[in-house]
Amino acid sequence: MNKDEEIRILVARFMDGDTTLDEESKLYCYFSGNEVSDDLLPMREYFRSIAVMCTPKRSQYKGKPVLLGLLSRPLFIGIAASIALLVAVGVGSLLWRSEPQDYCEAYIYNRYVTSPGTVMKEVDGTLQAIRQDGESNVEGQLHNIFGNQ
């Protein structure tokens, strides 16, 4: 029995629904090729279209599979947001202090002073001296120091 006779028998069995998967693969390969006998040409497109539908599509991704259960995207985003919140709260608590800072440090006439009353008295005296000179703003004081250029 030649190849064309075998294909005709397989086509008849295919139409009756009696072929195995291997026999159907032979049919698909035969009709996908260029050497189809003239009396079987009308069936060529039929078997080609079935072959396209039956061919399993291969995944183009060849990397490692992602763990979907443990590291799903919403879970991962939630964990990252929680860590960011904890870091922000931790840093914020270090920078923010609840007790008032009522201490004062200054050098007045080359002397280290921590008394708020002494520092405020010196600041008031300096502001009074500035007002008496007639220059009530910083720009005027700078002109006096560096000249009126």
# chains A, B, ... in the order shown; residues from 1 in each chain; ligands from 1
call {"tool": "residues_around", "arguments": {"residues": "Met15 of chain A", "least_positions_apart": "6", "cutoff": "12 Å", "atoms": "only C-alpha atoms", "output": "PDB file with N, CA and C atoms, in the first residue's frame"}}
result
ATOM      1  N   ARG A   8      -5.743   8.114   2.172  1.00  0.00           N
ATOM      2  CA  ARG A   8      -7.161   8.028   1.844  1.00  0.00           C
ATOM      3  C   ARG A   8      -7.910   7.213   2.899  1.00  0.00           C
ATOM      4  N   ILE A   9      -7.299   6.105   3.337  1.00  0.00           N
ATOM      5  CA  ILE A   9      -7.926   5.279   4.379  1.00  0.00           C
ATOM      6  C   ILE A   9      -8.011   6.064   5.685  1.00  0.00           C
ATOM      7  N   GLU A  24      -4.068  11.086  13.329  1.00  0.00           N
ATOM      8  CA  GLU A  24      -4.468  12.455  12.983  1.00  0.00           C
ATOM      9  C   GLU A  24      -3.230  13.329  12.762  1.00  0.00           C
ATOM     10  N   LEU A  27      -2.048  12.764   9.325  1.00  0.00           N
ATOM     11  CA  LEU A  27      -2.881  13.490   8.358  1.00  0.00           C
ATOM     12  C   LEU A  27      -2.497  14.962   8.311  1.00  0.00           C
ATOM     13  N   MET A  43      -9.379  18.682   0.314  1.00  0.00           N
ATOM     14  CA  MET A  43      -9.394  18.500   1.764  1.00  0.00           C
ATOM     15  C   MET A  43      -8.193  19.174   2.439  1.00  0.00           C
ATOM     16  N   TYR A  46      -8.949  22.124   4.806  1.00  0.00           N
ATOM     17  CA  TYR A  46      -9.699  21.619   5.964  1.00  0.00           C
ATOM     18  C   TYR A  46      -8.732  21.071   7.016  1.00  0.00           C
ATOM     19  N   PHE A  47      -7.823  20.199   6.604  1.00  0.00           N
ATOM     20  CA  PHE A  47      -6.890  19.602   7.552  1.00  0.00           C
ATOM     21  C   PHE A  47      -5.845  20.605   8.046  1.00  0.00           C
TER      22      PHE A  47
END
call {"tool": "residues_around", "arguments": {"residues": "Glu23 of chain A", "least_positions_apart": "5", "cutoff": "12 Å", "atoms": "only C-alpha atoms", "output": "list of chain:residue names"}}
result
A:Glu6, A:Ile7, A:Arg8, A:Ile9, A:Leu10, A:Val11, A:Ala12, A:Arg13, A:Phe14, A:Gly17, A:Asp18, A:Tyr28, A:Cys29, A:Tyr30
call {"tool": "residues_around", "arguments": {"residues": "Ala106 of chain A", "least_positions_apart": "2", "cutoff": "12 Å", "atoms": "only C-alpha atoms", "output": "NGL selection string"}}
result
:A and (103-104 or 108-120 or 122-123)
call {"tool": "write_last_selection", "arguments": {"atoms": "all heavy atoms", "output": "CSV table (one decimal), in the first residue's frame"}}
result
chain,number,residue,atom,x,y,z
A,103,TYR,N,15.7,75.8,76.3
A,103,TYR,CA,17.0,76.1,76.7
A,103,TYR,C,17.6,77.1,75.7
A,103,TYR,O,17.0,77.3,74.6
A,103,TYR,CB,18.0,74.9,76.7
A,103,TYR,CG,18.1,74.2,75.4
A,103,TYR,CD1,19.1,74.5,74.6
A,103,TYR,CD2,17.2,73.2,75.0
A,103,TYR,CE1,19.3,73.9,73.3
A,103,TYR,CE2,17.4,72.5,73.8
A,103,TYR,CZ,18.4,72.9,73.0
A,103,TYR,OH,18.6,72.2,71.8
A,104,CYS,N,18.6,77.8,76.1
A,104,CYS,CA,19.1,78.9,75.3
A,104,CYS,C,20.7,78.8,75.3
A,104,CYS,O,21.2,78.6,76.4
A,104,CYS,CB,18.6,80.2,75.8
A,104,CYS,SG,19.1,81.6,74.8
A,108,ILE,N,28.1,85.8,74.0
A,108,ILE,CA,27.9,87.2,74.1
A,108,ILE,C,29.2,87.8,74.6
A,108,ILE,O,29.7,87.5,75.7
A,108,ILE,CB,26.8,87.6,75.1
A,108,ILE,CG1,25.5,87.0,74.6
A,108,ILE,CG2,26.6,89.1,75.2
A,108,ILE,CD1,24.3,87.1,75.6
A,109,TYR,N,29.8,88.6,73.7
A,109,TYR,CA,31.1,89.1,74.0
A,109,TYR,C,32.2,88.1,74.4
A,109,TYR,O,32.8,88.2,75.5
A,109,TYR,CB,31.0,90.2,75.1
A,109,TYR,CG,30.1,91.3,74.7
A,109,TYR,CD1,28.9,91.5,75.5
A,109,TYR,CD2,30.3,92.1,73.6
A,109,TYR,CE1,28.0,92.5,75.2
A,109,TYR,CE2,29.4,93.1,73.3
A,109,TYR,CZ,28.2,93.3,74.1
A,109,TYR,OH,27.3,94.3,73.7
A,110,ASN,N,32.2,87.0,73.6
A,110,ASN,CA,33.1,85.9,73.8
A,110,ASN,C,32.9,85.1,75.1
A,110,ASN,O,33.8,84.5,75.6
A,110,ASN,CB,34.6,86.4,73.8
A,110,ASN,CG,35.0,86.8,72.4
A,110,ASN,OD1,34.4,86.4,71.4
A,110,ASN,ND2,35.9,87.8,72.3
A,111,ARG,N,31.7,85.2,75.6
A,111,ARG,CA,31.3,84.5,76.8
A,111,ARG,C,30.2,83.6,76.5
A,111,ARG,O,29.2,84.0,76.0
A,111,ARG,CB,31.0,85.5,77.9
A,111,ARG,CG,30.9,85.0,79.3
A,111,ARG,CD,30.5,86.1,80.3
A,111,ARG,NE,29.3,86.7,79.8
A,111,ARG,CZ,28.4,87.3,80.5
A,111,ARG,NH1,28.6,87.4,81.8
A,111,ARG,NH2,27.3,87.8,80.1
A,112,TYR,N,30.3,82.3,76.9
A,112,TYR,CA,29.2,81.3,76.7
A,112,TYR,C,28.1,81.6,77.7
A,112,TYR,O,28.3,81.5,78.9
A,112,TYR,CB,29.8,79.9,76.8
A,112,TYR,CG,28.7,78.8,76.6
A,112,TYR,CD1,28.3,78.5,75.4
A,112,TYR,CD2,28.3,78.1,77.7
A,112,TYR,CE1,27.3,77.5,75.1
A,112,TYR,CE2,27.3,77.0,77.5
A,112,TYR,CZ,26.9,76.8,76.2
A,112,TYR,OH,26.0,75.8,76.0
A,113,VAL,N,26.8,81.8,77.2
A,113,VAL,CA,25.7,82.1,78.1
A,113,VAL,C,24.6,81.2,77.8
A,113,VAL,O,24.2,80.9,76.6
A,113,VAL,CB,25.2,83.6,77.9
A,113,VAL,CG1,24.0,83.9,78.8
A,113,VAL,CG2,26.4,84.5,78.1
A,114,THR,N,23.9,80.6,78.9
A,114,THR,CA,22.8,79.7,78.7
A,114,THR,C,21.5,80.2,79.3
A,114,THR,O,20.5,79.6,79.2
A,114,THR,CB,23.1,78.3,79.3
A,114,THR,OG1,23.4,78.5,80.7
A,114,THR,CG2,24.2,77.6,78.5
A,115,SER,N,21.6,81.4,80.0
A,115,SER,CA,20.4,82.0,80.6
A,115,SER,C,19.5,82.7,79.6
A,115,SER,O,20.0,83.6,78.9
A,115,SER,CB,20.9,83.0,81.7
A,115,SER,OG,19.8,83.7,82.2
A,116,PRO,N,18.3,82.3,79.5
A,116,PRO,CA,17.4,82.9,78.5
A,116,PRO,C,17.2,84.4,78.8
A,116,PRO,O,17.1,85.2,77.9
A,116,PRO,CB,16.1,82.2,78.6
A,116,PRO,CG,16.4,80.9,79.3
A,116,PRO,CD,17.6,81.1,80.1
A,117,GLY,N,17.1,84.8,80.1
A,117,GLY,CA,17.0,86.2,80.4
A,117,GLY,C,18.1,87.0,79.9
A,117,GLY,O,17.9,88.1,79.4
A,118,THR,N,19.3,86.6,80.1
A,118,THR,CA,20.5,87.3,79.7
A,118,THR,C,20.6,87.4,78.2
A,118,THR,O,20.9,88.5,77.7
A,118,THR,CB,21.8,86.6,80.2
A,118,THR,OG1,21.7,86.4,81.6
A,118,THR,CG2,23.0,87.4,79.9
A,119,VAL,N,20.3,86.4,77.5
A,119,VAL,CA,20.3,86.4,76.0
A,119,VAL,C,19.2,87.3,75.5
A,119,VAL,O,19.5,88.2,74.6
A,119,VAL,CB,20.1,85.0,75.4
A,119,VAL,CG1,20.0,85.0,73.9
A,119,VAL,CG2,21.3,84.1,75.8
A,120,MET,N,18.0,87.3,76.0
A,120,MET,CA,17.0,88.2,75.6
A,120,MET,C,17.3,89.6,75.9
A,120,MET,O,17.0,90.5,75.1
A,120,MET,CB,15.6,87.8,76.2
A,120,MET,CG,15.1,86.5,75.7
A,120,MET,SD,14.9,86.4,73.9
A,120,MET,CE,13.7,87.7,73.6
A,122,GLU,N,20.2,91.0,75.9
A,122,GLU,CA,21.3,91.4,75.0
A,122,GLU,C,20.6,91.6,73.6
A,122,GLU,O,21.0,92.6,72.9
A,122,GLU,CB,22.4,90.4,74.9
A,122,GLU,CG,23.6,90.9,74.1
A,122,GLU,CD,24.2,92.1,74.8
A,122,GLU,OE1,24.3,92.2,76.0
A,122,GLU,OE2,24.7,93.0,74.0
A,123,VAL,N,19.7,90.7,73.2
A,123,VAL,CA,19.0,90.9,71.9
A,123,VAL,C,18.2,92.2,71.9
A,123,VAL,O,18.2,92.9,70.9
A,123,VAL,CB,18.1,89.7,71.6
A,123,VAL,CG1,17.2,89.9,70.4
A,123,VAL,CG2,18.9,88.4,71.4
call {"tool": "atom_distance", "arguments": {"atom1": "atom CA of Glu5 of chain A", "atom2": "atom CA of Met53 of chain A"}}
result
25.7 Å
